[in-house]
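Engineer: Have a look at this one before I ask anything.
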Amino acid sequence: MGRWCPIRVLPGCLFMAGVVAVAFILTGCRSPEESLGGLVEPPVVEGAPLRPVSQVVGNEDARNLLLIVRFVQITVRVPIGSVSDSEELWSYLDEEPLGARTGSALAHNGIRVGLGHKGAWKDVAGILRRLTGQVIKPAVAITRPGIPVAIVLKTRRPAQTIFTFRRDYTLFGRDYPPGDNVVMIAATIDYDDPASVHLTASAMVRTKRRRRKYVKQANGYAVTYEPTRYRLNGTDFRFKVPAGGFILIGPGHEVSRKSSPGYHFLVHEMKGLEFETVVVIAPEVFAAPIKKKPG
(Lines give C-alpha, C1' and ligand atoms only; values in the text may rest on other atoms or scores of the structure.)
Protein backbone atom coordinates (compact mmCIF):
# COMPACT_ATOMS: atom_id res chain seq x y z
CA MET A 1 0.00 0.00 0.00
CA GLY A 2 1.14 3.56 -0.59
CA ARG A 3 1.03 6.43 1.85
CA TRP A 4 -2.39 7.74 2.86
CA CYS A 5 -2.47 11.53 2.87
CA PRO A 6 -5.44 13.87 3.33
CA ILE A 7 -6.27 16.43 0.67
CA ARG A 8 -5.53 19.25 3.08
CA VAL A 9 -3.92 19.62 6.46
CA LEU A 10 -5.27 21.67 9.33
CA PRO A 11 -3.39 22.59 12.51
CA GLY A 12 -3.63 20.19 15.43
CA CYS A 13 -5.68 20.96 18.53
CA LEU A 14 -4.00 22.70 21.44
CA PHE A 15 -5.96 22.53 24.67
CA MET A 16 -5.58 22.71 28.43
CA ALA A 17 -7.44 20.97 31.22
CA GLY A 18 -11.12 21.78 30.93
CA VAL A 19 -10.85 23.16 27.38
CA VAL A 20 -11.56 20.49 24.79
CA ALA A 21 -11.88 20.36 21.00
CA VAL A 22 -14.80 18.20 19.89
CA ALA A 23 -15.07 18.96 16.18
CA PHE A 24 -13.52 16.52 13.73
CA ILE A 25 -10.68 18.09 11.72
CA LEU A 26 -8.59 16.70 8.92
CA THR A 27 -5.12 15.82 10.10
CA GLY A 28 -1.68 14.91 8.81
CA CYS A 29 -0.85 11.42 7.63
CA ARG A 30 1.60 8.69 8.41
CA SER A 31 2.31 5.36 6.81
CA PRO A 32 -0.46 2.81 7.50
CA GLU A 33 0.02 0.57 10.53
CA GLU A 34 -1.95 -2.24 12.10
CA SER A 35 -3.49 0.30 14.49
CA LEU A 36 -5.78 2.92 12.98
CA GLY A 37 -4.48 5.37 15.56
CA GLY A 38 -1.00 4.98 14.10
CA LEU A 39 -2.11 7.01 11.07
CA VAL A 40 -1.89 10.29 12.98
CA GLU A 41 0.49 11.87 15.45
CA PRO A 42 -0.28 11.80 19.21
CA PRO A 43 -2.27 14.78 20.50
CA VAL A 44 -0.32 17.71 21.91
CA VAL A 45 -0.79 19.70 25.11
CA GLU A 46 1.17 22.94 25.43
CA GLY A 47 3.73 21.79 22.90
CA ALA A 48 4.32 18.35 24.44
CA PRO A 49 2.87 15.18 22.88
CA LEU A 50 0.69 13.11 25.17
CA ARG A 51 1.42 9.47 25.89
CA PRO A 52 -1.03 6.57 25.59
CA VAL A 53 -2.51 5.89 29.00
CA SER A 54 -1.19 2.31 28.95
CA GLN A 55 2.34 3.72 29.06
CA VAL A 56 1.59 5.98 32.01
CA VAL A 57 -0.61 4.12 34.49
CA GLY A 58 2.20 1.76 35.46
CA ASN A 59 3.86 4.65 37.25
CA GLU A 60 0.81 6.52 38.46
CA ASP A 61 -2.84 5.84 39.23
CA ALA A 62 -5.08 6.85 36.32
CA ARG A 63 -7.23 8.82 38.77
CA ASN A 64 -4.36 11.25 39.23
CA LEU A 65 -4.10 12.01 35.51
CA LEU A 66 -6.05 14.11 33.06
CA LEU A 67 -7.46 11.54 30.63
CA ILE A 68 -8.15 12.58 27.06
CA VAL A 69 -10.12 10.53 24.51
CA ARG A 70 -9.09 10.88 20.89
CA PHE A 71 -11.36 9.64 18.12
CA VAL A 72 -9.71 8.92 14.78
CA GLN A 73 -12.41 8.83 12.09
CA ILE A 74 -12.28 7.65 8.50
CA THR A 75 -15.35 8.07 6.28
CA VAL A 76 -15.58 6.58 2.80
CA ARG A 77 -18.30 6.32 0.18
CA VAL A 78 -18.59 3.18 -1.90
CA PRO A 79 -20.95 2.14 -4.72
CA ILE A 80 -24.40 1.11 -3.55
CA GLY A 81 -24.51 -2.55 -2.50
CA SER A 82 -20.74 -2.88 -2.04
CA VAL A 83 -21.13 -3.22 1.74
CA SER A 84 -24.86 -3.72 2.33
CA ASP A 85 -25.07 -6.71 -0.04
CA SER A 86 -21.68 -8.24 0.75
CA GLU A 87 -20.20 -10.10 3.73
CA GLU A 88 -16.57 -9.57 2.71
CA LEU A 89 -15.98 -6.56 4.95
CA TRP A 90 -18.06 -7.85 7.85
CA SER A 91 -16.09 -11.11 8.02
CA TYR A 92 -13.26 -9.15 9.69
CA LEU A 93 -15.57 -7.62 12.31
CA ASP A 94 -17.24 -8.95 15.46
CA GLU A 95 -20.95 -8.15 15.75
CA GLU A 96 -21.66 -10.50 18.67
CA PRO A 97 -20.98 -7.96 21.47
CA LEU A 98 -24.02 -5.96 20.32
CA GLY A 99 -26.38 -8.60 21.56
CA ALA A 100 -29.36 -10.10 19.73
CA ARG A 101 -31.92 -7.34 20.41
CA THR A 102 -29.63 -4.43 19.55
CA GLY A 103 -28.21 -6.14 16.48
CA SER A 104 -31.68 -7.04 15.24
CA ALA A 105 -33.01 -3.50 15.75
CA LEU A 106 -30.05 -2.03 13.86
CA ALA A 107 -30.52 -4.54 11.05
CA HIS A 108 -34.21 -3.64 10.67
CA ASN A 109 -33.14 0.00 10.47
CA GLY A 110 -30.64 -0.62 7.69
CA ILE A 111 -27.54 -0.23 9.87
CA ARG A 112 -24.73 -2.64 10.80
CA VAL A 113 -22.04 -2.06 13.39
CA GLY A 114 -19.02 -4.27 14.04
CA LEU A 115 -16.01 -4.31 16.34
CA GLY A 116 -12.57 -4.60 14.79
CA HIS A 117 -9.82 -5.98 17.00
CA LYS A 118 -6.20 -4.93 16.89
CA GLY A 119 -4.52 -6.34 13.79
CA ALA A 120 -7.71 -6.36 11.66
CA TRP A 121 -7.30 -2.82 10.38
CA LYS A 122 -4.88 -3.61 7.57
CA ASP A 123 -7.35 -6.05 5.99
CA VAL A 124 -10.32 -3.73 6.50
CA ALA A 125 -8.39 -0.77 5.08
CA GLY A 126 -7.41 -2.80 2.02
CA ILE A 127 -11.05 -3.60 1.27
CA LEU A 128 -12.15 0.01 1.76
CA ARG A 129 -9.40 1.34 -0.49
CA ARG A 130 -10.30 -1.14 -3.20
CA LEU A 131 -14.02 -0.31 -2.98
CA THR A 132 -13.68 3.46 -2.96
CA GLY A 133 -10.65 3.92 -5.19
CA GLN A 134 -9.93 7.20 -3.42
CA VAL A 135 -7.52 8.59 -0.87
CA ILE A 136 -8.52 7.78 2.71
CA LYS A 137 -8.54 10.93 4.85
CA PRO A 138 -8.31 10.54 8.65
CA ALA A 139 -10.01 13.14 10.84
CA VAL A 140 -9.52 13.64 14.56
CA ALA A 141 -11.65 14.82 17.49
CA ILE A 142 -10.37 15.23 21.04
CA THR A 143 -12.67 15.28 24.05
CA ARG A 144 -12.94 14.37 27.72
CA PRO A 145 -14.50 11.08 28.88
CA GLY A 146 -18.28 11.29 28.83
CA ILE A 147 -18.44 14.36 26.54
CA PRO A 148 -20.34 13.44 23.34
CA VAL A 149 -18.91 14.04 19.88
CA ALA A 150 -21.00 14.38 16.71
CA ILE A 151 -20.14 12.31 13.65
CA VAL A 152 -21.83 14.30 10.90
CA LEU A 153 -23.10 12.08 8.08
CA LYS A 154 -25.35 14.51 6.20
CA THR A 155 -25.63 18.26 6.53
CA ARG A 156 -28.37 20.77 5.85
CA ARG A 157 -31.06 18.24 5.18
CA PRO A 158 -34.59 19.45 4.42
CA ALA A 159 -37.53 18.24 6.47
CA GLN A 160 -37.56 14.44 6.31
CA THR A 161 -39.82 11.55 7.30
CA ILE A 162 -38.07 8.54 8.86
CA PHE A 163 -39.62 5.25 9.99
CA THR A 164 -37.60 3.58 12.74
CA PHE A 165 -37.93 0.08 14.17
CA ARG A 166 -37.63 0.28 17.93
CA ARG A 167 -36.00 -2.43 20.01
CA ASP A 168 -39.45 -3.91 20.75
CA TYR A 169 -39.91 -4.20 16.95
CA THR A 170 -42.67 -1.61 16.77
CA LEU A 171 -42.38 0.75 13.81
CA PHE A 172 -42.35 4.46 14.62
CA GLY A 173 -42.51 7.21 12.01
CA ARG A 174 -42.28 10.95 12.36
CA ASP A 175 -41.41 14.11 10.48
CA TYR A 176 -38.13 15.75 11.45
CA PRO A 177 -37.31 19.44 10.93
CA PRO A 178 -34.44 20.60 8.72
CA GLY A 179 -30.97 19.96 10.09
CA ASP A 180 -28.05 17.53 10.14
CA ASN A 181 -28.09 13.74 10.37
CA VAL A 182 -25.44 12.79 12.92
CA VAL A 183 -24.30 9.92 15.12
CA MET A 184 -23.60 11.15 18.64
CA ILE A 185 -20.90 9.11 20.32
CA ALA A 186 -19.48 9.26 23.85
CA ALA A 187 -16.68 7.37 25.56
CA THR A 188 -16.42 6.43 29.21
CA ILE A 189 -13.40 4.84 30.88
CA ASP A 190 -12.99 2.07 33.44
CA TYR A 191 -10.15 3.18 35.72
CA ASP A 192 -9.23 -0.45 36.33
CA ASP A 193 -8.67 -0.84 32.57
CA PRO A 194 -8.18 2.73 31.28
CA ALA A 195 -6.79 1.70 27.88
CA SER A 196 -10.20 0.24 26.94
CA VAL A 197 -13.10 2.51 26.04
CA HIS A 198 -16.82 1.98 26.57
CA LEU A 199 -18.63 3.58 23.64
CA THR A 200 -22.28 4.64 23.56
CA ALA A 201 -23.77 5.94 20.32
CA SER A 202 -27.07 6.73 18.64
CA ALA A 203 -28.30 8.27 15.39
CA MET A 204 -29.90 11.69 15.80
CA VAL A 205 -31.34 14.53 13.79
CA ARG A 206 -29.74 17.81 14.92
CA THR A 207 -31.97 20.72 14.03
CA LYS A 208 -30.77 23.72 12.05
CA ARG A 209 -32.83 26.01 14.27
CA ARG A 210 -31.17 26.82 17.58
CA ARG A 211 -33.00 27.58 20.79
CA ARG A 212 -31.95 29.87 23.59
CA LYS A 213 -30.65 28.15 26.70
CA TYR A 214 -29.33 29.44 30.03
CA VAL A 215 -26.18 27.73 31.28
CA LYS A 216 -25.01 28.05 34.88
CA GLN A 217 -21.41 29.17 35.27
CA ALA A 218 -19.16 30.03 38.19
CA ASN A 219 -20.04 33.73 38.01
CA GLY A 220 -23.72 33.36 37.12
CA TYR A 221 -25.66 32.33 34.02
CA ALA A 222 -24.73 32.63 30.36
CA VAL A 223 -27.02 32.54 27.33
CA THR A 224 -26.25 29.98 24.64
CA TYR A 225 -28.09 28.89 21.52
CA GLU A 226 -28.18 25.15 20.91
CA PRO A 227 -29.92 22.88 18.38
CA THR A 228 -32.55 20.36 19.37
CA ARG A 229 -31.49 16.73 18.98
CA TYR A 230 -33.98 14.01 18.14
CA ARG A 231 -32.67 10.54 19.01
CA LEU A 232 -33.84 7.69 16.79
CA ASN A 233 -34.79 4.98 19.26
CA GLY A 234 -33.59 1.65 17.88
CA THR A 235 -30.34 2.94 16.43
CA ASP A 236 -28.39 3.13 19.70
CA PHE A 237 -25.60 0.69 20.51
CA ARG A 238 -22.79 0.10 23.00
CA PHE A 239 -19.36 -1.45 22.68
CA LYS A 240 -16.34 -2.02 24.83
CA VAL A 241 -13.42 -1.27 22.52
CA PRO A 242 -10.08 -2.73 23.64
CA ALA A 243 -6.79 -0.95 23.10
CA GLY A 244 -5.98 -0.84 19.38
CA GLY A 245 -9.56 -1.69 18.41
CA PHE A 246 -12.10 0.21 16.32
CA ILE A 247 -15.77 0.15 15.34
CA LEU A 248 -17.22 0.26 11.84
CA ILE A 249 -20.65 1.71 11.07
CA GLY A 250 -22.08 0.79 7.70
CA PRO A 251 -25.26 0.00 5.78
CA GLY A 252 -27.21 -3.21 6.26
CA HIS A 253 -29.55 -5.07 3.93
CA GLU A 254 -32.56 -2.91 4.89
CA VAL A 255 -30.80 0.26 3.74
CA SER A 256 -32.76 -0.20 0.51
CA ARG A 257 -35.91 0.82 2.41
CA LYS A 258 -35.95 4.53 1.59
CA SER A 259 -37.81 5.48 4.78
CA SER A 260 -35.22 3.73 6.99
CA PRO A 261 -32.61 5.50 9.16
CA GLY A 262 -29.91 3.63 7.25
CA TYR A 263 -31.01 5.16 3.96
CA HIS A 264 -31.39 8.67 5.38
CA PHE A 265 -28.02 8.59 7.17
CA LEU A 266 -25.80 6.34 5.06
CA VAL A 267 -26.90 6.71 1.42
CA HIS A 268 -25.83 9.70 -0.66
CA GLU A 269 -26.89 10.59 -4.18
CA MET A 270 -24.42 12.22 -6.54
CA LYS A 271 -25.46 13.09 -10.08
CA GLY A 272 -28.17 10.46 -10.08
CA LEU A 273 -26.01 7.67 -8.64
CA GLU A 274 -26.30 6.32 -5.09
CA PHE A 275 -23.36 5.60 -2.80
CA GLU A 276 -23.13 4.00 0.64
CA THR A 277 -21.21 5.55 3.52
CA VAL A 278 -18.91 3.57 5.81
CA VAL A 279 -17.53 5.18 8.98
CA VAL A 280 -14.62 3.80 11.00
CA ILE A 281 -13.98 5.14 14.51
CA ALA A 282 -10.92 4.29 16.60
CA PRO A 283 -11.01 5.60 20.19
CA GLU A 284 -7.77 6.01 22.11
CA VAL A 285 -7.04 7.20 25.64
CA PHE A 286 -4.12 9.53 26.32
CA ALA A 287 -2.87 10.89 29.62
CA ALA A 288 -1.65 14.31 30.68
CA PRO A 289 -0.50 15.46 34.12
CA ILE A 290 -2.99 17.54 36.03
CA LYS A 291 -1.67 21.02 36.56
CA LYS A 292 -1.83 22.01 40.19
CA LYS A 293 -2.69 25.59 41.01
CA PRO A 294 0.12 27.46 42.74
CA GLY A 295 -0.19 27.81 46.48
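Residue numbering restarts at 1 for every chain of the C-alpha coordinates, chains are lettered A, B, ... in their displayed order, and ligands are numbered from 1 as they appear.
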Skipping near chain neighbours, those fewer than 5 positions away, what residues fall within 12 Å of Ser86 in chain A using only C-alpha atoms, listed as a VMD selection string?

Structural biologist: chain A and resid 79 to 81 91 112 127 131 250 to 253

Engineer: Give me every alpha helix (DSSP H) residue in range 44-258 of chain A, going by DSSP on the backbone, as a PyMOL selection string.

Structural biologist: chain A and resi 100-108+121-132

Engineer: Can those selected residues be exported to a file as an mmCIF file, in the first residue's frame so that it contains N, CA, C and O atoms?

Structural biologist:
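Full text of result.cif as output:
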```
data_model
loop_
_atom_site.group_PDB
_atom_site.id
_atom_site.type_symbol
_atom_site.label_atom_id
_atom_site.label_comp_id
_atom_site.auth_asym_id
_atom_site.auth_seq_id
_atom_site.Cartn_x
_atom_site.Cartn_y
_atom_site.Cartn_z
ATOM 1 N N ALA A 100 -28.349 -9.752 20.730
ATOM 2 C CA ALA A 100 -29.358 -10.103 19.726
ATOM 3 C C ALA A 100 -30.364 -8.974 19.494
ATOM 4 O O ALA A 100 -30.681 -8.634 18.348
ATOM 5 N N ARG A 101 -30.876 -8.363 20.567
ATOM 6 C CA ARG A 101 -31.919 -7.341 20.405
ATOM 7 C C ARG A 101 -31.369 -6.096 19.716
ATOM 8 O O ARG A 101 -31.991 -5.549 18.792
ATOM 9 N N THR A 102 -30.212 -5.629 20.153
ATOM 10 C CA THR A 102 -29.632 -4.428 19.552
ATOM 11 C C THR A 102 -29.253 -4.678 18.100
ATOM 12 O O THR A 102 -29.544 -3.863 17.214
ATOM 13 N N GLY A 103 -28.603 -5.823 17.840
ATOM 14 C CA GLY A 103 -28.208 -6.142 16.478
ATOM 15 C C GLY A 103 -29.395 -6.271 15.549
ATOM 16 O O GLY A 103 -29.355 -5.825 14.396
ATOM 17 N N SER A 104 -30.482 -6.877 16.059
ATOM 18 C CA SER A 104 -31.678 -7.042 15.236
ATOM 19 C C SER A 104 -32.336 -5.695 14.945
ATOM 20 O O SER A 104 -32.775 -5.437 13.815
ATOM 21 N N ALA A 105 -32.408 -4.818 15.956
ATOM 22 C CA ALA A 105 -33.011 -3.500 15.747
ATOM 23 C C ALA A 105 -32.212 -2.699 14.723
ATOM 24 O O ALA A 105 -32.781 -2.063 13.825
ATOM 25 N N LEU A 106 -30.889 -2.731 14.840
ATOM 26 C CA LEU A 106 -30.050 -2.030 13.862
ATOM 27 C C LEU A 106 -30.271 -2.590 12.464
ATOM 28 O O LEU A 106 -30.364 -1.837 11.483
ATOM 29 N N ALA A 107 -30.337 -3.918 12.360
ATOM 30 C CA ALA A 107 -30.519 -4.544 11.053
ATOM 31 C C ALA A 107 -31.837 -4.111 10.413
ATOM 32 O O ALA A 107 -31.885 -3.803 9.207
ATOM 33 N N HIS A 108 -32.918 -4.073 11.197
ATOM 34 C CA HIS A 108 -34.209 -3.636 10.667
ATOM 35 C C HIS A 108 -34.170 -2.172 10.227
ATOM 36 O O HIS A 108 -34.958 -1.750 9.370
ATOM 37 N N TRP A 121 -7.164 -4.043 11.164
ATOM 38 C CA TRP A 121 -7.303 -2.825 10.383
ATOM 39 C C TRP A 121 -6.680 -2.921 9.000
ATOM 40 O O TRP A 121 -7.229 -2.417 8.026
ATOM 41 N N LYS A 122 -5.538 -3.555 8.866
ATOM 42 C CA LYS A 122 -4.876 -3.612 7.568
ATOM 43 C C LYS A 122 -5.761 -4.286 6.524
ATOM 44 O O LYS A 122 -5.852 -3.849 5.375
ATOM 45 N N ASP A 123 -6.454 -5.363 6.922
ATOM 46 C CA ASP A 123 -7.348 -6.054 5.991
ATOM 47 C C ASP A 123 -8.575 -5.206 5.671
ATOM 48 O O ASP A 123 -9.006 -5.116 4.513
ATOM 49 N N VAL A 124 -9.151 -4.577 6.710
ATOM 50 C CA VAL A 124 -10.325 -3.727 6.500
ATOM 51 C C VAL A 124 -9.964 -2.541 5.611
ATOM 52 O O VAL A 124 -10.692 -2.193 4.679
ATOM 53 N N ALA A 125 -8.822 -1.923 5.878
ATOM 54 C CA ALA A 125 -8.389 -0.775 5.076
ATOM 55 C C ALA A 125 -8.169 -1.160 3.623
ATOM 56 O O ALA A 125 -8.496 -0.400 2.704
ATOM 57 N N GLY A 126 -7.619 -2.350 3.388
ATOM 58 C CA GLY A 126 -7.408 -2.801 2.023
ATOM 59 C C GLY A 126 -8.707 -2.935 1.257
ATOM 60 O O GLY A 126 -8.786 -2.567 0.080
ATOM 61 N N ILE A 127 -9.748 -3.459 1.919
ATOM 62 C CA ILE A 127 -11.047 -3.598 1.266
ATOM 63 C C ILE A 127 -11.647 -2.226 0.972
ATOM 64 O O ILE A 127 -12.159 -1.973 -0.122
ATOM 65 N N LEU A 128 -11.575 -1.318 1.949
ATOM 66 C CA LEU A 128 -12.155 0.010 1.757
ATOM 67 C C LEU A 128 -11.446 0.767 0.637
ATOM 68 O O LEU A 128 -12.095 1.433 -0.174
ATOM 69 N N ARG A 129 -10.139 0.650 0.573
ATOM 70 C CA ARG A 129 -9.399 1.336 -0.489
ATOM 71 C C ARG A 129 -9.776 0.774 -1.866
ATOM 72 O O ARG A 129 -9.912 1.507 -2.837
ATOM 73 N N ARG A 130 -9.940 -0.525 -1.925
ATOM 74 C CA ARG A 130 -10.301 -1.144 -3.200
ATOM 75 C C ARG A 130 -11.721 -0.741 -3.614
ATOM 76 O O ARG A 130 -11.995 -0.510 -4.807
ATOM 77 N N LEU A 131 -12.637 -0.632 -2.655
ATOM 78 C CA LEU A 131 -14.023 -0.309 -2.976
ATOM 79 C C LEU A 131 -14.199 1.151 -3.368
ATOM 80 O O LEU A 131 -14.978 1.477 -4.266
ATOM 81 N N THR A 132 -13.473 2.038 -2.698
ATOM 82 C CA THR A 132 -13.676 3.459 -2.963
ATOM 83 C C THR A 132 -12.770 3.994 -4.052
ATOM 84 O O THR A 132 -13.136 4.926 -4.769
#
```

Engineer: Choose the residue, out of A:Ile249, A:Val241, A:Val135, A:Ala222, that has the smallest atom-to-atom separation from Glu276 in chain A; count only C-alpha atoms.

Structural biologist: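 Nearest to Glu276 in chain A: A:Ile249.
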
Engineer: Extract, using only C-alpha atoms, all DNA, RNA and protein residues at most 10 Å from range 191-204 of chain A, discarding same-chain residues fewer than 2 positions from it, and format them as a PyMOL selection string.

Structural biologist: chain A and resi 52-55+57+61-63+67+69+145-146+148-153+180-189+206-207+228-245+247+261-262+265+282-287

Engineer: As an exercise, work out the distance from CA of Phe24 in chain A to CA of Ile111 in chain A in Å and give it to one decimal place.

Structural biologist: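 Those two atoms sit 22.2 Å apart.
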
Engineer: For a quick check of understanding, using only C-alpha atoms, which of A:Ile147, A:Lys137, A:Arg257, A:Glu96 has the smallest distance to Phe165 in chain A?

Structural biologist: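 Looking only at the distances to Phe165 in chain A, the closest residue turns out to be A:Arg257.
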
Engineer: Could you check which of A:Glu46, A:Tyr225, A:Arg157, A:Ala218 is closest to Val205 in chain A, using only C-alpha atoms?

Structural biologist: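 For Val205 in chain A, the nearest of the candidates is A:Arg157.
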
Engineer: For CA of Leu50 in chain A and CA of Gln217 in chain A, determine how far apart the two atoms are, in Å to one decimal place.

Structural biologist: 29.1 Å

Engineer: Which residue gives the smallest distance to Thr277 in chain A among A:Ala23, A:Val44, A:Leu248, A:Ile142, with only C-alpha atoms counted?

Structural biologist: A:Leu248

Engineer: Record the distance separating CA of Asn64 in chain A and CA of Gly47 in chain A, expressed in Å with one decimal.

Structural biologist: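 Going from CA of Asn64 in chain A over to CA of Gly47 in chain A, I get 21.1 Å.
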
Engineer: I need the residue nearest Val72 in chain A from this list: A:Pro49, A:Gly37, A:Pro158, A:Pro43. Use only C-alpha atoms for the distance.

Structural biologist: A:Gly37

Engineer: Assign secondary structure with DSSP using the backbone only, and return the residues of range 149-196 of chain A in strand (DSSP E) as number ranges by chain.

Structural biologist: A: 149-157, 160-165, 171-176, 179-188

Engineer: Rank nothing, just name the residue among A:Leu39, A:Gly133, A:Leu266, A:Asp190 nearest to Gln73 in chain A, using only C-alpha atoms.

Structural biologist: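 Among A:Leu39, A:Gly133, A:Leu266, A:Asp190, it is A:Leu39 that comes nearest to Gln73 in chain A.
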